[in-house]
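Dropping start30.txt in here (compact mmCIF, C-alpha atoms and all ligand atoms):
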```
# COMPACT_ATOMS: atom_id res chain seq x y z
CA MET A 21 44.19 25.13 13.68
CA THR A 22 40.61 26.11 12.83
CA THR A 23 38.95 23.97 15.52
CA THR A 24 37.39 25.94 18.36
CA GLY A 25 34.17 24.76 20.00
CA ALA A 26 30.38 24.73 20.13
CA LYS A 27 28.61 27.79 18.79
CA PRO A 28 24.97 27.95 19.86
CA ALA A 29 22.93 30.56 17.95
CA GLY A 30 23.46 34.07 19.29
CA ALA A 31 26.54 33.25 21.40
CA GLU A 32 29.38 35.67 20.67
CA SER A 33 32.04 34.44 23.07
CA GLU A 34 33.07 31.16 24.70
CA ALA A 35 31.50 32.31 27.97
CA GLU A 36 28.19 33.00 26.20
CA ALA A 37 28.38 29.66 24.36
CA ALA A 38 28.88 27.79 27.66
CA GLN A 39 26.04 29.68 29.33
CA SER A 40 23.71 29.02 26.43
CA VAL A 41 24.54 25.27 26.45
CA ARG A 42 23.98 25.04 30.21
CA GLN A 43 20.63 26.84 30.03
CA MET A 44 19.55 24.68 27.11
CA PHE A 45 20.26 21.42 28.94
CA ASP A 46 18.64 22.67 32.12
CA ALA A 47 15.55 23.52 30.07
CA ILE A 48 15.27 20.12 28.35
CA ALA A 49 16.36 18.04 31.39
CA PRO A 50 12.81 16.83 32.29
CA ARG A 51 12.34 15.36 28.78
CA TYR A 52 15.94 14.48 27.98
CA ASP A 53 15.83 10.73 28.66
CA LEU A 54 12.53 10.20 26.88
CA LEU A 55 13.68 12.09 23.79
CA ASN A 56 17.09 10.46 23.74
CA HIS A 57 15.67 6.95 23.64
CA LEU A 58 12.90 7.90 21.23
CA LEU A 59 15.13 9.71 18.73
CA SER A 60 17.83 7.05 18.73
CA ALA A 61 15.38 4.10 18.82
CA ASN A 62 17.24 2.97 21.97
CA VAL A 63 20.52 2.53 20.09
CA ASP A 64 22.05 5.00 22.56
CA ARG A 65 21.95 2.22 25.20
CA LEU A 66 24.10 0.00 22.97
CA TRP A 67 26.58 2.82 22.45
CA TRP A 68 26.97 3.47 26.20
CA ARG A 69 27.37 -0.25 26.89
CA ARG A 70 29.90 -0.71 24.10
CA THR A 71 31.91 2.26 25.37
CA ALA A 72 31.91 0.86 28.91
CA ARG A 73 33.07 -2.54 27.64
CA ARG A 74 35.99 -0.90 25.86
CA PHE A 75 37.33 0.24 29.26
CA ARG A 76 36.45 -2.87 31.27
CA ALA A 77 40.09 -3.56 32.24
CA VAL A 78 40.50 -0.24 34.04
CA LEU A 79 36.93 -0.33 35.39
CA ALA A 80 37.67 -3.72 36.97
CA ARG A 81 40.43 -2.21 39.13
CA PRO A 82 38.79 -1.26 42.48
CA ASP A 83 41.21 1.63 43.14
CA ALA A 84 40.90 3.20 39.67
CA ALA A 85 39.93 6.90 39.75
CA ILE A 86 37.25 7.46 37.10
CA LEU A 87 35.41 10.54 35.87
CA ASP A 88 32.35 10.66 33.63
CA ILE A 89 32.36 14.30 32.54
CA CYS A 90 29.24 15.86 30.97
CA CYS A 91 27.40 12.96 32.60
CA GLY A 92 23.99 14.61 32.15
CA THR A 93 21.25 12.32 33.45
CA GLY A 94 23.81 9.61 34.15
CA ASP A 95 23.25 6.80 31.65
CA MET A 96 26.91 6.56 30.61
CA THR A 97 27.86 6.44 34.30
CA MET A 98 25.33 3.65 34.92
CA ALA A 99 26.87 1.61 32.08
CA LEU A 100 30.35 2.15 33.58
CA LEU A 101 29.11 1.10 37.04
CA LYS A 102 28.14 -2.33 35.71
CA HIS A 103 31.85 -3.10 35.30
CA ARG A 104 32.92 -1.87 38.77
CA PRO A 105 33.64 -4.54 41.40
CA ALA A 106 32.16 -4.54 44.91
CA GLY A 107 33.76 -1.96 47.18
CA ALA A 108 35.34 -0.08 44.26
CA ARG A 109 36.15 3.62 44.52
CA PRO A 110 33.05 5.60 43.46
CA ILE A 111 32.91 7.03 39.94
CA LEU A 112 32.82 10.83 39.79
CA ALA A 113 29.93 11.92 37.58
CA ALA A 114 30.18 15.61 36.69
CA ASP A 115 28.09 18.10 34.73
CA PHE A 116 27.48 21.85 34.87
CA ALA A 117 23.71 21.73 34.27
CA ARG A 118 22.08 21.15 37.64
CA GLY A 119 18.77 20.02 36.11
CA MET A 120 20.54 17.20 34.25
CA LEU A 121 22.84 16.26 37.14
CA SER A 122 20.04 16.02 39.71
CA ARG A 123 18.27 13.47 37.51
CA GLY A 124 21.49 11.49 37.25
CA ALA A 125 21.93 11.68 41.03
CA ARG A 126 18.51 10.03 41.46
CA LYS A 127 19.61 7.09 39.29
CA PHE A 128 22.85 6.74 41.23
CA ARG A 129 20.97 6.71 44.57
CA ALA A 130 18.67 3.98 43.30
CA HIS A 131 21.73 1.96 42.33
CA GLU A 132 23.53 2.53 45.65
CA ALA A 133 21.99 -0.59 47.11
CA GLY A 134 24.20 -2.42 44.61
CA ALA A 135 27.93 -2.76 45.05
CA ALA A 136 29.52 0.15 43.19
CA TYR A 137 28.22 3.71 43.10
CA ALA A 138 28.77 7.17 41.65
CA VAL A 139 29.09 10.61 43.21
CA PRO A 140 27.48 13.54 41.36
CA VAL A 141 29.66 16.66 41.09
CA GLU A 142 28.60 20.03 39.68
CA ALA A 143 31.61 21.06 37.59
CA ASP A 144 32.70 22.63 34.32
CA ALA A 145 34.58 20.35 31.94
CA LEU A 146 36.88 23.22 30.96
CA HIS A 147 37.95 23.79 34.58
CA LEU A 148 37.92 20.41 36.29
CA PRO A 149 38.13 20.81 40.06
CA LEU A 150 40.55 17.88 40.27
CA ARG A 151 44.22 17.50 41.07
CA SER A 152 46.62 17.18 38.15
CA GLY A 153 47.60 13.60 37.37
CA SER A 154 44.86 12.11 39.54
CA LEU A 155 42.63 10.12 37.16
CA ASP A 156 42.97 6.72 35.51
CA LEU A 157 40.06 7.20 33.11
CA ILE A 158 37.92 10.03 31.77
CA VAL A 159 34.85 9.14 29.73
CA THR A 160 32.45 11.58 28.13
CA ALA A 161 29.35 10.70 26.11
CA PHE A 162 27.68 13.21 23.77
CA GLY A 163 29.06 16.06 25.89
CA PHE A 164 32.43 16.94 24.41
CA ARG A 165 30.84 18.34 21.22
CA ASN A 166 29.09 20.94 23.39
CA LEU A 167 32.27 22.38 24.91
CA ALA A 168 33.00 26.00 24.05
CA ASN A 169 36.63 25.15 23.29
CA TYR A 170 37.65 21.61 22.26
CA GLU A 171 41.37 22.22 22.57
CA ALA A 172 40.99 23.64 26.10
CA GLY A 173 38.83 20.63 27.04
CA LEU A 174 41.36 18.10 25.79
CA LYS A 175 44.15 19.95 27.60
CA ASP A 176 42.35 20.05 30.93
CA PHE A 177 41.42 16.35 30.64
CA ASN A 178 45.09 15.67 29.90
CA ARG A 179 46.16 17.63 32.96
CA ALA A 180 43.78 15.67 35.22
CA LEU A 181 44.79 12.24 33.85
CA LYS A 182 47.75 10.27 35.18
CA PRO A 183 50.47 9.63 32.58
CA GLY A 184 49.11 6.63 30.65
CA GLY A 185 45.58 7.42 31.90
CA GLN A 186 42.85 6.75 29.34
CA LEU A 187 40.32 8.98 27.60
CA GLY A 188 37.10 7.94 25.85
CA ILE A 189 34.98 10.45 23.93
CA LEU A 190 31.72 9.06 22.55
CA ASP A 191 29.93 11.43 20.22
CA PHE A 192 27.90 11.77 17.05
CA SER A 193 29.49 11.88 13.65
CA GLU A 194 28.29 12.47 10.10
CA PRO A 195 28.33 9.26 8.05
CA GLY A 196 29.21 9.55 4.35
CA GLY A 197 27.66 7.98 1.22
CA LEU A 198 24.01 7.23 0.56
CA LEU A 199 23.30 6.33 4.17
CA GLY A 200 24.79 9.66 5.19
CA MET A 201 22.41 11.48 2.85
CA ALA A 202 19.36 9.63 4.20
CA TYR A 203 20.53 10.12 7.76
CA ALA A 204 21.07 13.86 7.14
CA VAL A 205 17.38 14.20 6.23
CA TYR A 206 16.36 12.45 9.44
CA PHE A 207 18.86 14.35 11.58
CA ARG A 208 18.29 17.83 10.14
CA ARG A 209 14.54 17.70 9.48
CA VAL A 210 12.69 14.87 11.24
CA LEU A 211 14.58 14.92 14.55
CA PRO A 212 14.18 18.67 15.22
CA ALA A 213 10.46 18.37 14.45
CA ILE A 214 9.97 15.48 16.92
CA GLY A 215 12.11 17.28 19.49
CA ARG A 216 9.99 20.42 19.16
CA LEU A 217 6.81 18.40 19.53
CA VAL A 218 7.85 16.47 22.64
CA CYS A 219 9.74 19.12 24.52
CA GLY A 220 7.81 22.16 23.29
CA LYS A 221 10.98 24.10 22.52
CA ASP A 222 12.50 24.98 19.20
CA GLY A 223 16.16 25.64 19.98
CA PRO A 224 17.74 22.46 21.42
CA TYR A 225 16.85 20.05 18.64
CA ASN A 226 17.85 22.52 15.93
CA TYR A 227 21.11 22.99 17.81
CA LEU A 228 21.84 19.23 17.84
CA PRO A 229 22.34 18.72 14.05
CA ARG A 230 24.12 22.07 13.79
CA SER A 231 26.53 21.11 16.58
CA VAL A 232 27.30 17.79 14.89
CA GLY A 233 27.95 19.60 11.59
CA ASN A 234 30.29 21.98 13.42
CA PHE A 235 32.16 19.19 15.26
CA PRO A 236 35.58 18.33 13.78
CA PRO A 237 35.57 15.16 11.65
CA PRO A 238 37.60 12.17 12.95
CA ALA A 239 40.87 13.05 11.17
CA GLU A 240 40.83 16.56 12.63
CA MET A 241 39.88 15.37 16.13
CA LEU A 242 42.66 12.77 16.12
CA LYS A 243 45.17 15.42 15.05
CA LEU A 244 44.00 17.71 17.84
CA MET A 245 44.28 14.88 20.38
CA GLY A 246 47.84 14.20 19.22
CA GLU A 247 48.71 17.89 19.61
CA THR A 248 47.27 18.16 23.12
CA GLY A 249 49.32 15.47 24.82
CA TYR A 250 47.73 12.14 23.87
CA GLU A 251 49.08 9.00 22.23
CA GLU A 252 47.51 5.86 20.76
CA CYS A 253 44.68 8.09 19.47
CA ALA A 254 42.00 6.15 17.58
CA TRP A 255 38.40 6.44 16.43
CA GLN A 256 35.99 3.50 16.30
CA PRO A 257 32.80 4.16 14.33
CA TYR A 258 29.56 2.88 15.84
CA THR A 259 26.42 2.05 13.80
CA PHE A 260 27.74 2.99 10.32
CA GLY A 261 29.52 6.06 11.72
CA ILE A 262 26.41 7.78 13.10
CA ALA A 263 28.38 7.86 16.33
CA GLY A 264 31.89 6.83 17.28
CA LEU A 265 34.31 6.45 20.15
CA TYR A 266 37.61 8.33 20.34
CA THR A 267 40.16 6.63 22.56
CA ALA A 268 43.60 7.81 23.65
CA LYS A 269 46.08 7.74 26.50
CA ARG A 270 47.82 10.62 28.17
CA LYS A 271 51.41 10.55 26.94
CA THR A 272 53.69 8.92 29.48
CA VAL A 273 56.57 11.19 28.43
CA ALA A 274 55.57 14.84 27.89
C1 LIG B 301 23.87 15.57 25.30
S1 LIG B 301 24.10 15.62 27.02
C2 LIG B 301 24.87 14.07 27.33
C3 LIG B 301 24.56 13.53 28.68
C4 LIG B 301 25.03 12.09 28.93
N1 LIG B 301 26.46 11.99 28.96
C5 LIG B 301 24.45 11.13 27.94
O1 LIG B 301 25.20 10.39 27.29
O2 LIG B 301 23.21 11.10 27.82
C6 LIG B 301 25.45 16.74 27.17
C7 LIG B 301 25.75 17.15 28.59
O3 LIG B 301 26.98 17.85 28.60
C8 LIG B 301 26.91 18.86 29.59
N2 LIG B 301 27.93 19.86 29.35
C9 LIG B 301 28.13 20.58 28.22
N3 LIG B 301 29.17 21.41 28.38
C10 LIG B 301 29.66 21.19 29.62
C11 LIG B 301 30.73 21.74 30.37
N4 LIG B 301 31.51 22.70 29.87
N5 LIG B 301 30.94 21.28 31.61
C12 LIG B 301 30.15 20.33 32.16
N6 LIG B 301 29.10 19.78 31.52
C13 LIG B 301 28.86 20.21 30.25
C14 LIG B 301 25.48 19.38 29.46
O4 LIG B 301 25.06 20.07 30.60
C15 LIG B 301 24.71 18.08 29.21
O5 LIG B 301 24.23 17.52 30.41
```
Could you take the file, read its structure, and then write that structure out as structure tokens?
Amino acid sequence: MTTTGAKPAGAESEAEAAQSVRQMFDAIAPRYDLLNHLLSANVDRLWWRRTARRFRAVLARPDAAILDICCGTGDMTMALLKHRPAGARPILAADFARGMLSRGARKFRAHEAGAAYAVPVEADALHLPLRSGSLDLIVTAFGFRNLANYEAGLKDFNRALKPGGQLGILDFSEPGGLLGMAYAVYFRRVLPAIGRLVCGKDGPYNYLPRSVGNFPPPAEMLKLMGETGYEECAWQPYTFGIAGLYTAKRKTVA
């Protein structure tokens, strides 16, 4: 198995990779939402909504225990909340970058007047502070790719899920063909330049295309999911495969 995890420039160990990712997100947190919507021409909103719809059956159950890990500034969580009924158990929204999480927490507070709400939790996706077999659903949007060890992440998610509990991983992908070639120019050249201009920093938006290039392609991810205790593993491409949603269930029999 060649798959390991994110490798930000200069990081020589998993601990350094995690630290570098956390510092990078803390640094771009004030501009993150603006850049996200700008660089994706708001398509990111469709992707979050589509992901939430995919899990509407479990979201509709008031007692379902749900975690949005790597929640960042909380937009995936907000899309999930739209499907929660009145009085439902709060969604746990976790991230290890405080600058990102505090912005998410503000959105959740504004929503609290509505029926369902979310609780922000500062936590590392590779060491979830949650009981084994306690969750019905884990969702992560554009966060999994940044983990320092993908296999360890999948295993800890598996541990925290109930048997039969569901996993959704929304992340970027590299489309093939002519579109893929055109997109690669945008993603590797135009996007880092806009990112640098708006957020005044060089690193994060150079890291983004590199991290997508380093992320296992769907066949490899699905194999890894199968080897780490999941069944019914599938990948649904979104918007010509620029992004896509991995879905799976924790095996009911180990
Ligand atoms: C690209 S942002 C995505 C945020 C949000 N889910 C969204 O869709 O906009 C990635 C997030 O993953 C978080 N992250 C990366 N590695 C993590 C880890 N090991 N534990 C917790 N959060 C992590 C980062 O702090 C960052 O907020």
Please, what is the axis-aligned box for every listed atom of ligand LIG 301 (chain B) with 4 Å on each side, as centre and edge lengths in Å to one decimal, as AutoDock Vina command-line options?
```
--center_x 27.4 --center_y 16.5 --center_z 28.7 --size_x 16.3 --size_y 20.3 --size_z 14.9
```
Min atom-atom distance to Gly124 (chain A) from the set A:Val63, A:Ala108, A:Ala38, A:Ala49, counting all atoms listed in the file, belongs to A:Ala49
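With distances restricted to all atoms listed in the file, A:Asp88 is the closest residue to ligand LIG 301 (chain B) from A:Glu171, A:Glu252, A:Glu194, A:Asp88.
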Near-Asn169 (chain A) list (8 Å; all atoms listed in the file; drop same-chain fewer than 4 positions) as a PDB file with C-alpha atoms, in the frame of the given file:
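Written out: part.pdb:
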```
ATOM      1  CA  THR A  24      37.390  25.940  18.360  1.00  0.00           C
ATOM      2  CA  GLY A  25      34.170  24.760  20.000  1.00  0.00           C
ATOM      3  CA  ALA A  26      30.380  24.730  20.130  1.00  0.00           C
ATOM      4  CA  GLU A  34      33.070  31.160  24.700  1.00  0.00           C
ATOM      5  CA  LEU A 146      36.880  23.220  30.960  1.00  0.00           C
ATOM      6  CA  GLY A 173      38.830  20.630  27.040  1.00  0.00           C
TER       7      GLY A 173
END
```
Give as a PyMOL selection string the residues surrounding ligand LIG 301 (chain B) up to a distance of 9 Å, considering only C-alpha atoms and all ligand atoms.
chain A and resi 26+38-39+41-46+49+52-53+56+64+68+88-97+114-121+142-148+159-169+173+190-191+228
CA of Ala85 (chain A) to CA of Ala125 (chain A) measures 18.7 Å
Record the distance separating CA of Ala72 (chain A) and CA of Ile262 (chain A), expressed in Å with one decimal.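 Atom-to-atom, CA of Ala72 (chain A) and CA of Ile262 (chain A) are spaced 18.1 Å apart.
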Spatial neighbours of Gly188 (chain A), 8 Å, only C-alpha atoms, chain gap at least 4 places, as a short mmCIF file (atom, residue, chain, number, x, y, z; two decimals) with C-alpha atoms, keeping the file's coordinate frame:
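Result saved to out_0.cif:
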```
data_model
loop_
_atom_site.label_atom_id
_atom_site.label_comp_id
_atom_site.auth_asym_id
_atom_site.auth_seq_id
_atom_site.Cartn_x
_atom_site.Cartn_y
_atom_site.Cartn_z
CA THR A 71 31.91 2.26 25.37
CA LEU A 157 40.06 7.20 33.11
CA ILE A 158 37.92 10.03 31.77
CA VAL A 159 34.85 9.14 29.73
CA THR A 160 32.45 11.58 28.13
CA LEU A 265 34.31 6.45 20.15
CA TYR A 266 37.61 8.33 20.34
CA THR A 267 40.16 6.63 22.56
CA ALA A 268 43.60 7.81 23.65
#
```
(message) Excluding Lys243 (chain A) and its own-chain neighbours fewer than 3 positions away, which residues fall within 12 Å of it when counting only C-alpha atoms? Please give them as JSON, numbers by chain.
(response) {"A": [21, 22, 23, 171, 174, 236, 237, 238, 239, 240, 246, 247, 248, 249, 250, 251, 252, 253, 254, 255, 266, 268]}
| request: Choose the residue, out of A:Ile48, A:Trp67, A:Lys182, A:Ala31, that has the smallest atom-to-atom separation from Ala84 (chain A); count only C-alpha atoms. | output: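 Of A:Ile48, A:Trp67, A:Lys182, A:Ala31, the one nearest Ala84 (chain A), counting only C-alpha atoms, is A:Lys182.
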**Report entry** region 204-216 of chain A surroundings by only C-alpha atoms, 10 Å radius, close-in-sequence under 2 positions cut, as a PyMOL selection string
**Finding:** chain A and resi 48+51-52+55-56+58-60+194-196+198-202+218-230+232-233
As an exercise, work out the distance from CA of Ser193 (chain A) to CA of Ala263 (chain A) in Å and give it to one decimal place.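 Between CA of Ser193 (chain A) and CA of Ala263 (chain A) the gap is 5.0 Å.
Residue nearest Ala138 (chain A), chosen from A:Ala172, A:Ile86, A:Ala29, A:Val78 and counting only C-alpha atoms: A:Ile86.
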Among A:Phe128, A:Phe177, A:Tyr258, A:Tyr170, Arg70 (chain A) is approached most closely, using only C-alpha atoms, by A:Tyr258
